[in-house]
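Working notes, structure below.
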Amino acid sequence: MRIRAERDDLADVLARAGRAVGTRSPLPILQGILCEVDSGVLRVTGTDTELTIRTTLEVEVLEEGRTLIPAKLAAEAVRKLPVGAVTVNAADGEVEITGNGPRFRLRELTVEDYPTVSVGGSGGGAAVDGDVLTRALAQVGVAASGDEARPTLTGVLFENEQDALRLVATDSYRLAVRDLEGVEGVSSTLVPFRALREVGRTIGDQKMTLDLGDRDATFSSDRGTLTVRVIEASFPNYRQLLPDSYPNRLVVSRAGLLEAVGRASLVAEDHIPVRLSMHEGGVELSVSRQEVGEETEHLEGAYDGEDMTIAFNTRYLTDGVSAVETDDVIIDTIDPLKPGLIRGDGDPAFRYLLMPVRL
């Protein structure tokens, strides 16, 4: 295999495919990325057997073929070459990477030992705006659990909801729901959020296709394909957690609330909540930590309901308010012991349900 391509373009496709390579894989062969060349196109594949990313690049083909090279080393080697054309030549168990003077010679891994991986779906799927999907995944992803001992909660649920695609995630302390209007034909599938983080970074584009199967979920664009093994488990019945109405409603500035909670978090720790005392005219935020001190401030806003005080974990509250995309944020509550609902004023597509901290 021998090709020539521009440094930045080549470094980009190598790095994006390399994001699927597991840093702690017990199989050394999975530390490599597979490079295949034919018909003027370089296809680069990286996998950890659970997540597979394939990227493509049109290159000048001097000789077709394929090679397996160390993922991180190859991408960094290309990136550190001078600007301009880069030549990659694989022959006799060695991969030579040259560009405007410098030359790297890397040991070629055994191509025959590389596992056969499935890349791409059934050829159908639902069309979606990639930028919109990436933002939606970031919104709900804050509520996905990072505890691998509870795999069901580490995923994002994809499902149909009245001619819309619904994304749902929960770690049992908070629940995030985001609806994407006009996206149809998606089957109910639970996809690991670890892989979904890579959608925007690796193959994200304005036009994307989702193909969700019984075993794999595939995200495709002109930039490449990401395929991940789905979580084969039943997602919790989240619908029963969303009340039809709330008696108390606070409307405040999103930016103002984030700044106020940020100041409160200087005093608080993860186990010290921030108290929200809601009343006519706004809300008073306060936090107290015996060995440090306290912080209190008033934030103007519109409040409708009975005066009440509710407390939330500062980090979880910040995550939810940050995910809102409107200028003003609404906090709906029932009482101090039931979850509060955070959403954007005038934006019903995103909802963030947060368990309070008992005072």
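Going by the structure tokens order, chains are called A, B, ..., each with residues numbered from 1, while ligands are numbered from 1 in the order shown.
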
Among region 92-290 of chain A, which residues carry a DSSP assignment of strand (DSSP E or B), reported as a PyMOL selection string? chain A and resi 94-98+103-107+109+126-129+155-160+164-170+174-181+189-192+207-212+216-221+224-229+248-253+274-279+282-289

Any idea what's packed within 8 Å of Val44 (chain A), counting only C-alpha atoms, ignoring anything in its chain fewer than 2 positions away? Could you give it as a ChimeraX atom specification? /A:13-14,17,33-36,42,46,54-56

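Around region 310-323 of chain A, within 6 Å and counting only C-alpha atoms, the residues found are Gln139, Pro273, Val274, Arg275, Leu276, Pro336, Pro356 and Val357 of chain A, once anything fewer than 6 positions away on its own chain is removed.
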
Spatial neighbours of Leu212 (chain A), max dist 7 Å, only C-alpha atoms, sep filter under 3 positions, as an NGL selection string: :A and (186-187 or 189 or 216-218)

Selection export as a tab-separated table (two decimals), in the first residue's frame, atoms kept: N, CA and C atoms:
chain	number	residue	atom	x	y	z
A	186	VAL	N	-37.64	5.16	13.94
A	186	VAL	CA	-36.60	4.70	14.85
A	186	VAL	C	-37.19	3.68	15.82
A	187	SER	N	-36.57	2.54	15.94
A	187	SER	CA	-37.04	1.52	16.89
A	187	SER	C	-36.45	1.81	18.26
A	189	THR	N	-34.29	1.57	21.20
A	189	THR	CA	-32.94	1.03	21.32
A	189	THR	C	-32.19	1.76	22.42
A	216	ASP	N	-26.88	-3.79	17.01
A	216	ASP	CA	-25.98	-2.68	16.74
A	216	ASP	C	-26.75	-1.42	16.39
A	217	ALA	N	-26.14	-0.28	16.71
A	217	ALA	CA	-26.65	1.02	16.29
A	217	ALA	C	-25.60	1.66	15.41
A	218	THR	N	-26.02	2.17	14.25
A	218	THR	CA	-25.08	2.75	13.30
A	218	THR	C	-25.45	4.20	13.00

Using only C-alpha atoms, the residue out of A:Ser265, A:Asn89, A:Ser234, A:Thr227 with shortest distance to Ala20 (chain A) is A:Thr227

I'd like the interatomic distance between CA of Arg19 (chain A) and CA of Gly204 (chain A), to a tenth of an Å.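 Interatomic distance, CA of Arg19 (chain A) to CA of Gly204 (chain A): 13.5 Å.
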
Please, what distance in Å, to one decimal, runs between CA of Leu226 (chain A) and CA of Phe193 (chain A)?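 One can read the CA of Leu226 (chain A) to CA of Phe193 (chain A) distance as 13.0 Å.
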
Residue nearest Thr52 (chain A) among A:Ala77, A:Ala164, A:Ile203, A:Val119 (counting only C-alpha atoms): A:Val119

My list of candidates is A:Met1, A:Leu167, A:Val191, A:Val251. Which is closest to Gly93 (chain A) when distances are computed with only C-alpha atoms? A:Met1

Can you tell me how far CA of Asp304 (chain A) sits from CA of Leu337 (chain A), in Å to one decimal?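 Rounded to one decimal, the two atoms are 18.5 Å apart.
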
Which parts of region 94-264 of chain A does DSSP call helix (DSSP H, G or I) when run on the backbone here, written out as a ChimeraX atom specification? /A:111-113,130-141,151-154,193-203,238-241,254-264

Do you know which residues are at most 12 Å from Asp328 (chain A) counting only C-alpha atoms, after dropping those on the same chain fewer than 5 positions away, and could you put them as a list in words?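 Those residues are Leu250, Val251, Val252, Ser253, Arg254, Ala255, Gly256, Leu257, Leu258, Glu300, Gly301, Ala302, Val321, Ser322, Ala323, Ile342, Arg343, Gly344, Asp345, Gly346 and Asp347 of chain A.
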
Can you check which parts of region 45-127 of chain A lie within 7 Å of region 2-11 of chain A? Per residue, the shortest pair of atoms and distance in Å to one decimal, counting only C-alpha atoms, sorted by chain and number, as CSV.
residue,atom,partner,partner_atom,distance
A:Val59,CA,A:Ala5,CA,5.3
A:Glu60,CA,A:Arg4,CA,5.1
A:Val61,CA,A:Ile3,CA,4.7
A:Leu62,CA,A:Arg2,CA,5.2
A:Glu63,CA,A:Arg2,CA,4.8
A:Glu64,CA,A:Arg2,CA,6.6
A:Ala75,CA,A:Ala11,CA,5.4
A:Val78,CA,A:Ala11,CA,5.6
A:Arg79,CA,A:Ala11,CA,5.4
A:Val83,CA,A:Arg7,CA,6.2
A:Gly84,CA,A:Glu6,CA,5.6
A:Ala85,CA,A:Glu6,CA,4.4
A:Val86,CA,A:Ala5,CA,5.4
A:Thr87,CA,A:Arg4,CA,4.4
A:Val88,CA,A:Ile3,CA,5.4
A:Asn89,CA,A:Arg2,CA,4.3
A:Ala90,CA,A:Arg2,CA,6.3

Using N, CA and C atoms, can you export the residues from the last selection as a compact mmCIF listing (two decimals), in the first residue's frame?
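Resulting contents of selection14.txt:
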# COMPACT_ATOMS: atom_id res chain seq x y z
N VAL A 59 -7.59 10.03 -1.69
CA VAL A 59 -6.14 10.21 -1.68
C VAL A 59 -5.57 9.91 -3.07
N GLU A 60 -4.32 10.27 -3.25
CA GLU A 60 -3.60 9.87 -4.46
C GLU A 60 -3.06 8.46 -4.22
N VAL A 61 -3.55 7.49 -4.96
CA VAL A 61 -3.18 6.10 -4.75
C VAL A 61 -2.00 5.75 -5.66
N LEU A 62 -0.90 5.42 -5.03
CA LEU A 62 0.28 4.97 -5.77
C LEU A 62 0.33 3.46 -5.85
N GLU A 63 -0.28 2.80 -4.86
CA GLU A 63 -0.38 1.34 -4.87
C GLU A 63 -1.48 0.93 -3.90
N GLU A 64 -2.44 0.15 -4.39
CA GLU A 64 -3.53 -0.31 -3.54
C GLU A 64 -3.04 -1.38 -2.57
N ALA A 75 -1.19 8.59 14.01
CA ALA A 75 -1.88 9.87 13.93
C ALA A 75 -1.00 11.02 14.39
N VAL A 78 1.90 11.75 11.80
CA VAL A 78 1.44 12.54 10.65
C VAL A 78 1.20 13.99 11.07
N ARG A 79 0.58 14.18 12.22
CA ARG A 79 0.25 15.53 12.68
C ARG A 79 1.50 16.38 12.90
N VAL A 83 3.81 21.02 7.18
CA VAL A 83 2.63 21.20 6.35
C VAL A 83 2.94 20.79 4.92
N GLY A 84 1.96 20.15 4.28
CA GLY A 84 2.13 19.74 2.89
C GLY A 84 1.76 18.30 2.69
N ALA A 85 2.22 17.73 1.59
CA ALA A 85 1.88 16.36 1.23
C ALA A 85 2.64 15.37 2.10
N VAL A 86 1.97 14.27 2.44
CA VAL A 86 2.55 13.18 3.23
C VAL A 86 2.40 11.89 2.43
N THR A 87 3.45 11.10 2.43
CA THR A 87 3.41 9.81 1.76
C THR A 87 3.45 8.69 2.79
N VAL A 88 2.58 7.70 2.63
CA VAL A 88 2.56 6.52 3.50
C VAL A 88 2.81 5.30 2.63
N ASN A 89 3.84 4.56 2.98
CA ASN A 89 4.23 3.39 2.20
C ASN A 89 4.37 2.19 3.13
N ALA A 90 3.55 1.16 2.91
CA ALA A 90 3.61 -0.06 3.72
C ALA A 90 4.18 -1.19 2.89
